[in-house]
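One structure is given below, encoded as structure tokens.
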Amino acid sequence: MTESSHGMASNAARTAGAALSGASDIAEQAGEAARRAKGKFESARQPVADKLHGAADTVRSQADRISGAAQSAADRLEASADYIKSRDAKRMMQDLIVLIKQHPTKSLLIAGAVGFLVARAFRSKD
């Protein structure tokens, strides 16, 4: 090999090493971001479940004055709280994907409604 081909090979090796290093840094940053997001989600699960349990208890305590619909709503809140407590984020995402595949039209309508409500909530009042 000539000197110029050695130089080119050396430059190519340095460039490949830098690219691998950069990719490794990006992968580490993405992994860290995912760990932080999971930690935030995990720390919020218990308080959300507790609030749902509290709401279910409140609805049940008022159910005598209301109707069977209140009891049904309380049961659903309780089931939601139990679901949140018993599953981690990964399992909830898997369940959501299955639900979306089973009901694609309803899922799109719900996503559109949620998007509309979020847009309205952040819309300026000018």
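Following the order of the structure tokens, chains are lettered A, B, ..., residues in each are numbered from 1, and ligands are numbered from 1.
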Can I get the residues of stretch 71-120 of chain A within 12 Å of stretch 44-62 of chain A, each with the closest pair of atoms and their distance in Å to one decimal, using only C-alpha atoms, sorted chain first then ascending number, as a tab-separated table?
residue	atom	partner	partner_atom	distance
A:Gln71	CA	A:Arg60	CA	6.0
A:Ser72	CA	A:Arg60	CA	9.2
A:Ala73	CA	A:Val59	CA	7.6
A:Ala74	CA	A:Ala56	CA	4.3
A:Asp75	CA	A:Ala56	CA	6.9
A:Arg76	CA	A:Ala56	CA	8.1
A:Leu77	CA	A:Ala56	CA	5.5
A:Glu78	CA	A:His53	CA	5.6
A:Ala79	CA	A:His53	CA	8.9
A:Ser80	CA	A:Leu52	CA	7.3
A:Ala81	CA	A:Ala49	CA	4.4
A:Asp82	CA	A:Ala49	CA	7.1
A:Tyr83	CA	A:Ala49	CA	8.4
A:Ile84	CA	A:Ala49	CA	6.1
A:Lys85	CA	A:Ala49	CA	6.2
A:Ser86	CA	A:Arg45	CA	9.7
A:Arg87	CA	A:Arg45	CA	9.3
A:Asp88	CA	A:Arg45	CA	8.6
A:Ala89	CA	A:Arg45	CA	9.1
A:Met92	CA	A:Arg45	CA	11.4
One decimal, in Å: what's the spacing between atom CA of A:Gly39 and atom CA of A:Gly112? 28.4 Å
